[in-house]
>>> print(open('coords.cif').read())   # mmCIF, C-alpha atoms
data_entry
#
loop_
_atom_site.label_atom_id
_atom_site.label_comp_id
_atom_site.auth_asym_id
_atom_site.auth_seq_id
_atom_site.Cartn_x
_atom_site.Cartn_y
_atom_site.Cartn_z
CA MET A 1 36.53 3.25 3.08
CA SER A 2 35.03 4.42 6.34
CA GLY A 3 33.77 2.07 9.03
CA ALA A 4 30.21 3.20 8.42
CA ALA A 5 30.48 2.44 4.71
CA ARG A 6 31.69 -1.10 5.49
CA GLY A 7 28.78 -1.56 7.85
CA GLY A 8 30.99 -1.18 10.89
CA GLY A 9 29.64 0.19 14.14
CA LYS A 10 30.71 3.13 16.25
CA GLY A 11 34.37 3.21 17.26
CA GLY A 12 35.29 0.30 14.99
CA ARG A 13 32.98 -2.16 16.74
CA PRO A 14 31.09 -4.46 14.40
CA ALA A 15 27.58 -3.23 13.64
CA ARG A 16 24.58 -5.17 14.87
CA PRO A 17 22.85 -7.05 12.06
CA SER A 18 20.25 -4.66 10.65
CA SER A 19 16.66 -5.63 9.88
CA GLU A 20 16.32 -2.76 7.40
CA ALA A 21 16.85 -4.92 4.30
CA PHE A 22 13.97 -7.15 5.41
CA TRP A 23 11.59 -4.20 5.87
CA TRP A 24 12.64 -2.71 2.52
CA ALA A 25 11.97 -6.07 0.82
CA LEU A 26 8.47 -6.19 2.35
CA PHE A 27 8.01 -2.54 1.31
CA SER A 28 8.86 -3.37 -2.31
CA ALA A 29 6.70 -6.48 -2.51
CA GLY A 30 3.81 -4.64 -0.85
CA GLY A 31 4.28 -1.65 -3.13
CA VAL A 32 3.75 -3.86 -6.16
CA MET A 33 0.66 -5.48 -4.62
CA ALA A 34 -0.84 -2.12 -3.58
CA ALA A 35 -0.19 -0.65 -7.03
CA LEU A 36 -1.63 -3.58 -8.97
CA PHE A 37 -4.64 -4.48 -6.82
CA VAL A 38 -5.74 -1.70 -4.44
CA PRO A 39 -7.23 0.69 -7.06
CA ALA A 40 -9.32 -2.20 -8.45
CA PHE A 41 -10.38 -3.20 -4.92
CA ILE A 42 -11.42 0.39 -4.13
CA LEU A 43 -13.42 0.61 -7.37
CA THR A 44 -15.17 -2.63 -6.48
CA THR A 45 -15.90 -2.35 -2.76
CA GLY A 46 -16.24 1.43 -2.81
CA PHE A 47 -18.33 2.02 -5.92
CA LEU A 48 -19.44 -1.04 -7.88
CA LEU A 49 -20.83 -3.27 -5.11
CA PRO A 50 -22.36 -0.75 -2.66
CA SER A 51 -25.93 0.23 -3.44
CA SER A 52 -28.75 2.00 -1.64
CA ASP A 53 -31.08 -0.58 -3.21
CA ALA A 54 -31.51 -3.58 -0.89
CA MET A 55 -31.84 -6.08 -3.74
CA ALA A 56 -28.71 -4.82 -5.49
CA ALA A 57 -26.75 -4.82 -2.22
CA ALA A 58 -27.88 -8.40 -1.57
CA GLY A 59 -26.73 -9.34 -5.06
CA GLY A 60 -23.31 -7.79 -4.40
CA ALA A 61 -23.08 -9.56 -1.05
CA GLY A 62 -23.85 -12.90 -2.72
CA LYS A 63 -21.14 -12.27 -5.29
CA VAL A 64 -18.55 -11.52 -2.59
CA ALA A 65 -19.62 -14.52 -0.52
CA ALA A 66 -19.26 -16.82 -3.54
CA ALA A 67 -15.80 -15.44 -4.37
CA VAL A 68 -14.32 -15.55 -0.87
CA GLY A 69 -15.88 -18.98 -0.34
CA TRP A 70 -13.19 -20.34 -2.67
CA TRP A 71 -9.97 -20.78 -0.66
CA PRO A 72 -7.50 -19.64 -3.38
CA VAL A 73 -9.27 -16.25 -3.38
CA ARG A 74 -8.87 -16.04 0.41
CA VAL A 75 -5.15 -16.92 0.13
CA ALA A 76 -4.67 -14.30 -2.62
CA ILE A 77 -6.51 -11.62 -0.61
CA PHE A 78 -4.42 -12.44 2.44
CA GLY A 79 -1.16 -12.14 0.49
CA ILE A 80 -2.14 -8.92 -1.26
CA VAL A 81 -3.49 -7.17 1.84
CA ALA A 82 -0.75 -8.40 4.22
CA LEU A 83 2.08 -7.23 1.95
CA SER A 84 0.26 -3.94 1.26
CA LEU A 85 -0.09 -3.36 5.02
CA PHE A 86 3.67 -3.77 5.52
CA HIS A 87 4.32 -1.48 2.54
CA CYS A 88 2.16 1.20 4.17
CA ALA A 89 3.73 0.61 7.60
CA HIS A 90 7.23 1.15 6.21
CA ARG A 91 6.27 4.28 4.30
CA ILE A 92 4.29 5.75 7.22
CA ARG A 93 7.25 5.08 9.54
CA HIS A 94 9.70 6.86 7.23
CA THR A 95 7.27 9.71 6.52
CA LEU A 96 6.77 10.38 10.23
CA MET A 97 10.55 10.27 10.75
CA ASP A 98 10.98 12.74 7.86
CA LEU A 99 8.38 14.99 9.49
CA GLY A 100 10.49 15.36 12.61
CA LEU A 101 9.89 12.20 14.64
CA ARG A 102 13.34 10.73 13.94
CA ARG A 103 14.11 10.56 17.68
CA ALA A 104 11.03 8.36 18.15
CA GLY A 105 12.28 5.98 15.45
CA GLY A 106 12.29 2.93 17.73
CA VAL A 107 8.74 3.51 18.96
CA LEU A 108 7.55 4.19 15.40
CA LYS A 109 9.09 0.94 14.23
CA VAL A 110 7.16 -1.03 16.86
CA LEU A 111 3.91 0.90 16.23
CA CYS A 112 4.04 0.72 12.43
CA TYR A 113 5.22 -2.85 11.90
CA GLY A 114 3.28 -3.98 14.99
CA GLY A 115 0.17 -2.36 13.53
CA ALA A 116 0.72 -4.12 10.20
CA ALA A 117 1.27 -7.45 12.00
CA ALA A 118 -1.91 -6.90 14.05
CA GLY A 119 -3.77 -6.15 10.81
CA CYS A 120 -2.51 -9.44 9.36
CA VAL A 121 -3.69 -11.40 12.41
CA TRP A 122 -7.09 -9.65 12.23
CA LEU A 123 -7.34 -10.35 8.49
CA GLY A 124 -6.33 -14.00 9.00
CA ALA A 125 -8.97 -14.44 11.71
CA VAL A 126 -11.62 -12.83 9.50
CA LEU A 127 -10.74 -14.93 6.44
CA ALA A 128 -10.71 -18.11 8.52
CA ARG A 129 -14.36 -17.44 9.48
CA VAL A 130 -15.59 -16.64 5.97
CA MET B 1 20.53 6.83 14.84
CA SER B 2 23.11 8.15 17.26
CA GLY B 3 26.58 8.93 15.99
CA GLN B 4 25.22 10.19 12.67
CA TYR B 5 24.95 13.78 11.58
CA HIS B 6 21.54 15.08 10.56
CA ARG B 7 21.28 18.55 9.11
CA SER B 8 18.68 20.56 11.01
CA HIS B 9 15.71 21.67 8.98
CA SER B 10 12.26 23.11 9.56
CA ARG B 11 9.31 20.82 10.12
CA ALA B 12 7.77 22.15 6.91
CA TRP B 13 10.90 21.40 4.83
CA PHE B 14 8.77 19.60 2.23
CA LEU B 15 7.15 22.93 1.25
CA GLU B 16 10.51 24.37 0.16
CA ARG B 17 10.54 22.87 -3.35
CA PRO B 18 7.88 21.48 -5.72
CA GLY B 19 9.84 18.22 -5.89
CA TYR B 20 9.69 17.87 -2.10
CA ILE B 21 5.90 18.47 -2.17
CA ARG B 22 5.49 15.75 -4.83
CA PHE B 23 7.66 13.44 -2.72
CA MET B 24 5.52 14.09 0.37
CA ILE B 25 2.23 13.56 -1.52
CA ARG B 26 3.61 10.23 -2.79
CA GLU B 27 4.56 9.22 0.74
CA LEU B 28 1.16 10.31 2.14
CA THR B 29 -0.62 7.92 -0.25
CA SER B 30 0.36 5.18 2.21
CA PHE B 31 -1.89 6.64 4.94
CA PHE B 32 -4.92 6.52 2.62
CA VAL B 33 -4.12 3.04 1.30
CA ALA B 34 -3.72 1.79 4.88
CA ALA B 35 -7.06 3.35 5.88
CA TYR B 36 -8.74 1.68 2.90
CA LEU B 37 -7.21 -1.69 3.81
CA VAL B 38 -8.79 -1.39 7.28
CA VAL B 39 -12.18 -0.73 5.63
CA LEU B 40 -11.59 -3.72 3.33
CA ILE B 41 -10.90 -5.99 6.33
CA LEU B 42 -14.09 -4.63 7.97
CA THR B 43 -15.96 -5.51 4.75
CA LEU B 44 -14.52 -9.04 4.80
CA GLY B 45 -15.55 -9.23 8.46
CA ARG B 46 -19.12 -8.46 7.44
CA ALA B 47 -18.84 -11.20 4.80
CA ALA B 48 -17.77 -13.59 7.57
CA ALA B 49 -20.84 -12.56 9.57
CA GLY B 50 -23.11 -13.66 6.72
CA GLU B 51 -24.59 -12.42 3.46
CA ALA B 52 -27.32 -10.41 5.20
CA ALA B 53 -24.77 -8.52 7.33
CA LEU B 54 -22.62 -7.84 4.26
CA ALA B 55 -25.63 -6.62 2.25
CA GLU B 56 -26.49 -4.19 5.08
CA TRP B 57 -22.86 -2.98 5.12
CA LEU B 58 -22.86 -2.52 1.32
CA GLN B 59 -25.99 -0.39 1.65
CA ALA B 60 -24.23 1.75 4.28
CA LEU B 61 -21.19 2.11 1.99
CA SER B 62 -23.43 3.68 -0.68
CA GLY B 63 -23.77 6.80 1.52
CA THR B 64 -22.24 10.07 0.34
CA GLY B 65 -19.57 10.19 3.06
CA TRP B 66 -18.27 6.73 2.21
CA MET B 67 -18.34 7.51 -1.52
CA VAL B 68 -16.26 10.66 -0.99
CA ALA B 69 -13.83 8.76 1.26
CA HIS B 70 -13.47 6.01 -1.33
CA GLY B 71 -13.02 8.64 -4.05
CA VAL B 72 -10.13 10.24 -2.16
CA ALA B 73 -8.62 6.80 -1.44
CA LEU B 74 -8.92 5.88 -5.12
CA VAL B 75 -7.09 9.02 -6.26
CA MET B 76 -4.31 8.35 -3.73
CA ALA B 77 -4.07 4.65 -4.66
CA VAL B 78 -3.86 5.52 -8.36
CA TRP B 79 -1.17 8.09 -7.58
CA HIS B 80 0.75 5.43 -5.64
CA ALA B 81 0.48 3.09 -8.66
CA VAL B 82 1.58 5.74 -11.18
CA THR B 83 4.60 6.81 -9.09
CA TRP B 84 5.46 3.16 -8.37
CA PHE B 85 5.44 2.23 -12.06
CA LYS B 86 7.65 5.24 -12.75
CA ALA B 87 10.15 4.13 -10.10
CA VAL B 88 10.28 0.42 -10.98
CA PRO B 89 12.30 0.77 -14.25
CA GLN B 90 14.79 2.97 -12.34
CA ALA B 91 15.12 0.53 -9.44
CA MET B 92 15.06 -2.65 -11.55
CA PRO B 93 16.37 -1.90 -15.05
CA ILE B 94 15.83 -4.72 -17.54
CA PHE B 95 18.66 -5.56 -19.95
CA ILE B 96 18.17 -7.37 -23.23
CA GLY B 97 21.72 -8.36 -24.04
CA GLU B 98 23.77 -5.20 -23.55
CA LYS B 99 20.85 -2.86 -24.16
CA LYS B 100 18.74 -1.44 -21.35
CA LEU B 101 15.01 -1.60 -22.03
CA ASP B 102 13.58 1.92 -22.48
CA ALA B 103 11.89 3.18 -19.30
CA PRO B 104 8.44 3.77 -20.93
CA VAL B 105 8.45 0.23 -22.41
CA ALA B 106 9.51 -1.23 -19.06
CA ALA B 107 6.79 0.78 -17.26
CA VAL B 108 4.14 -0.68 -19.60
CA LEU B 109 5.48 -4.25 -19.37
CA MET B 110 6.07 -4.26 -15.61
CA GLY B 111 3.42 -1.78 -14.51
CA TYR B 112 0.60 -0.42 -16.63
CA GLY B 113 0.00 -3.65 -18.58
CA PRO B 114 -0.45 -5.93 -15.55
CA TRP B 115 -2.30 -3.11 -13.73
CA LEU B 116 -4.92 -2.65 -16.47
CA THR B 117 -5.30 -6.43 -16.83
CA VAL B 118 -5.91 -6.90 -13.09
CA THR B 119 -8.26 -3.91 -12.90
CA ALA B 120 -10.25 -5.01 -15.97
CA GLY B 121 -10.55 -8.54 -14.52
CA VAL B 122 -11.76 -7.38 -11.10
CA VAL B 123 -14.20 -4.82 -12.58
CA TRP B 124 -15.56 -7.44 -15.01
CA TRP B 125 -16.16 -9.78 -12.04
CA ALA B 126 -17.97 -7.00 -10.13
CA VAL B 127 -20.29 -5.84 -12.92
CA ARG B 128 -21.03 -9.05 -14.84
#
>>> encode(input="coords.cif", output="structure tokens")
Amino acid sequence: MSGAARGGGKGGRPARPSSEAFWWALFSAGGVMAALFVPAFILTTGFLLPSSDAMAAAGGAGKVAAAVGWWPVRVAIFGIVALSLFHCAHRIRHTLMDLGLRRAGGVLKVLCYGGAAAGCVWLGAVLARV
Amino acid sequence: MSGQYHRSHSRAWFLERPGYIRFMIRELTSFFVAAYLVVLILTLGRAAAGEAALAEWLQALSGTGWMVAHGVALVMAVWHAVTWFKAVPQAMPIFIGEKKLDAPVAAVLMGYGPWLTVTAGVVWWAVR
């Protein structure tokens, strides 16, 4: 078995612990959340609740306010959106690497996962104010 | 990663085979889902600003541009879901005793069933 296959580093040195398994786990969990919930969310906030009629829009707004006023809904939304953000971050990172940005892998890692983390902080701050 | 060999290829390598194009479309769904999630957080931000602000935002979202954008995002999100449910039985095969559960059955149990249940529940909440 080669050193690489055993997880060994260059020249027989032990490899640094890799964070890849962690990001792949977040990718998988987020992939499930995005698949199960995001189409329904898009249907709702993109088509069913928006309305050019002021009364209907106010009705939709009241419905959303009542739902997110209940803390378990806020916790669920946070979990679903946070995991989905990390799923997207991982896939975007690998897609950009596949499209020729492999040399910028380190920067992409910071930008993609950092962006997802920033999105989570933003989402948390928003949900705390609802 | 240094010390590893990467075969050189053109930047448009994904156009070389239909399978590569399908792979790239699947990967690109993540850009659209991410963009939608940003819009969703903006929507929640409007909810935090009060019902009047959210109602105004929901009126804006009824514009043609937003509808088209949401339509594209919906197609991409559905494509993500379909490809995900196809991959799950391959990545996580379920065994009942010695027998592996058939992929279509596993896709329904672990994917399409929960998906339709969640979607029906959310849509019912929105339209009731």
>>> closest_atom_pairs(input="coords.cif", of="chain A", to="chain B", cutoff="8 Å", atoms="all atoms listed in the file", output="CSV")
residue,atom,partner,partner_atom,distance
A:Lys10,CA,B:Gly3,CA,7.1
A:Gly31,CA,B:Trp84,CA,7.2
A:Val32,CA,B:Trp84,CA,7.6
A:Ala34,CA,B:Ala81,CA,7.4
A:Ala35,CA,B:Ala81,CA,4.1
A:Leu36,CA,B:Trp115,CA,4.8
A:Phe37,CA,B:Val118,CA,6.8
A:Val38,CA,B:Ala77,CA,6.6
A:Pro39,CA,B:Ala77,CA,5.6
A:Ala40,CA,B:Thr119,CA,4.9
A:Phe41,CA,B:Val122,CA,7.6
A:Ile42,CA,B:Leu74,CA,6.1
A:Leu43,CA,B:Leu74,CA,7.3
A:Thr44,CA,B:Ala126,CA,6.3
A:Thr45,CA,B:Leu40,CA,7.6
A:Gly46,CA,B:His70,CA,5.6
A:Phe47,CA,B:Met67,CA,7.0
A:Leu48,CA,B:Ala126,CA,6.5
A:Leu49,CA,B:Leu58,CA,6.8
A:Pro50,CA,B:Leu58,CA,4.4
A:Ser51,CA,B:Ser62,CA,5.1
A:Ser52,CA,B:Gln59,CA,4.9
A:Asp53,CA,B:Gln59,CA,7.0
A:Ala54,CA,B:Gln59,CA,6.9
A:Ala57,CA,B:Ala55,CA,4.9
A:Ala58,CA,B:Ala55,CA,4.8
A:Gly59,CA,B:Ala55,CA,7.9
A:Gly60,CA,B:Ala55,CA,7.1
A:Ala61,CA,B:Ala55,CA,5.1
A:Gly62,CA,B:Glu51,CA,6.2
A:Lys63,CA,B:Ala126,CA,7.8
A:Val64,CA,B:Ala47,CA,7.4
A:Ala65,CA,B:Ala47,CA,6.3
A:Val81,CA,B:Leu37,CA,6.9
A:Ser84,CA,B:Ala34,CA,7.9
A:Leu85,CA,B:Ala34,CA,6.3
A:His87,CA,B:Ser30,CA,7.8
A:Cys88,CA,B:Ser30,CA,4.8
A:Ala89,CA,B:Ser30,CA,7.8
A:Arg91,CA,B:Glu27,CA,6.3
A:Ile92,CA,B:Ser30,CA,6.4
A:Thr95,CA,B:Glu27,CA,6.4
A:Leu99,CA,B:Arg11,CA,5.9
A:Gly100,CA,B:Arg11,CA,6.1
A:Arg103,CA,B:Met1,CA,7.9
A:Gly119,CA,B:Val38,CA,7.8
A:Trp122,CA,B:Ile41,CA,7.9
A:Leu123,CA,B:Ile41,CA,6.0
A:Val126,CA,B:Gly45,CA,5.4
A:Leu127,CA,B:Leu44,CA,7.2
A:Arg129,CA,B:Ala48,CA,5.5
A:Val130,CA,B:Ala48,CA,4.1
>>> atom_distance(input="coords.cif", atom1="atom CA of Val108 of chain B", atom2="atom CA of Ile25 of chain B")
23.1 Å
>>> atom_distance(input="coords.cif", atom1="atom CA of Lys86 of chain B", atom2="atom CA of Ala103 of chain B")
8.1 Å
>>> axis_aligned_box(input="coords.cif", around="segment 106-111 of chain A", padding_each_side="6 Å", output="AutoDock Vina command-line options")
--center_x 8.1 --center_y 1.6 --center_z 16.6 --size_x 20.4 --size_y 17.2 --size_z 16.7
>>> atom_distance(input="coords.cif", atom1="atom CA of Phe86 of chain A", atom2="atom CA of Val105 of chain B")
28.6 Å
>>> closest_residue(input="coords.cif", among="A:Met55, A:Val68, A:Ala82, A:Ala29", to="Tyr113 of chain A", atoms="only C-alpha atoms")
A:Ala82
>>> closest_residue(input="coords.cif", among="A:Cys112, A:Arg102, A:Leu26, A:His94", to="Gly79 of chain A", atoms="only C-alpha atoms")
A:Leu26
>>> decode(input="coords.cif", residues="segment 64-100 of chain A", atoms="C-alpha atoms", output="mmCIF file, in the first residue's frame")
data_model
loop_
_atom_site.group_PDB
_atom_site.id
_atom_site.type_symbol
_atom_site.label_atom_id
_atom_site.label_comp_id
_atom_site.auth_asym_id
_atom_site.auth_seq_id
_atom_site.Cartn_x
_atom_site.Cartn_y
_atom_site.Cartn_z
ATOM 1 C CA VAL A 64 -45.202 34.269 8.173
ATOM 2 C CA ALA A 65 -45.027 36.429 11.300
ATOM 3 C CA ALA A 66 -47.240 33.966 13.202
ATOM 4 C CA ALA A 67 -45.140 30.984 12.078
ATOM 5 C CA VAL A 68 -41.698 32.430 12.813
ATOM 6 C CA GLY A 69 -43.007 33.830 16.099
ATOM 7 C CA TRP A 70 -42.939 30.248 17.409
ATOM 8 C CA TRP A 71 -39.357 29.402 18.436
ATOM 9 C CA PRO A 72 -39.299 25.764 17.198
ATOM 10 C CA VAL A 73 -39.986 27.087 13.677
ATOM 11 C CA ARG A 74 -37.057 29.504 14.017
ATOM 12 C CA VAL A 75 -34.780 26.676 15.226
ATOM 13 C CA ALA A 76 -35.895 24.446 12.330
ATOM 14 C CA ILE A 77 -35.366 27.230 9.763
ATOM 15 C CA PHE A 78 -31.916 27.914 11.194
ATOM 16 C CA GLY A 79 -30.918 24.245 10.976
ATOM 17 C CA ILE A 80 -32.280 23.760 7.467
ATOM 18 C CA VAL A 81 -30.802 26.963 6.018
ATOM 19 C CA ALA A 82 -27.434 26.705 7.821
ATOM 20 C CA LEU A 83 -26.812 23.130 6.655
ATOM 21 C CA SER A 84 -28.022 23.989 3.134
ATOM 22 C CA LEU A 85 -25.583 26.923 3.027
ATOM 23 C CA PHE A 86 -22.658 24.636 3.889
ATOM 24 C CA HIS A 87 -23.867 22.113 1.300
ATOM 25 C CA CYS A 88 -23.818 24.848 -1.348
ATOM 26 C CA ALA A 89 -20.449 26.176 -0.145
ATOM 27 C CA HIS A 90 -18.851 22.739 -0.509
ATOM 28 C CA ARG A 91 -20.320 22.134 -3.951
ATOM 29 C CA ILE A 92 -19.456 25.634 -5.206
ATOM 30 C CA ARG A 93 -15.881 25.190 -3.938
ATOM 31 C CA HIS A 94 -15.452 21.872 -5.748
ATOM 32 C CA THR A 95 -17.188 23.138 -8.907
ATOM 33 C CA LEU A 96 -14.865 26.150 -9.122
ATOM 34 C CA MET A 97 -11.863 23.856 -8.557
ATOM 35 C CA ASP A 98 -13.138 21.559 -11.326
ATOM 36 C CA LEU A 99 -13.478 24.595 -13.596
ATOM 37 C CA GLY A 100 -9.773 25.347 -13.332
#
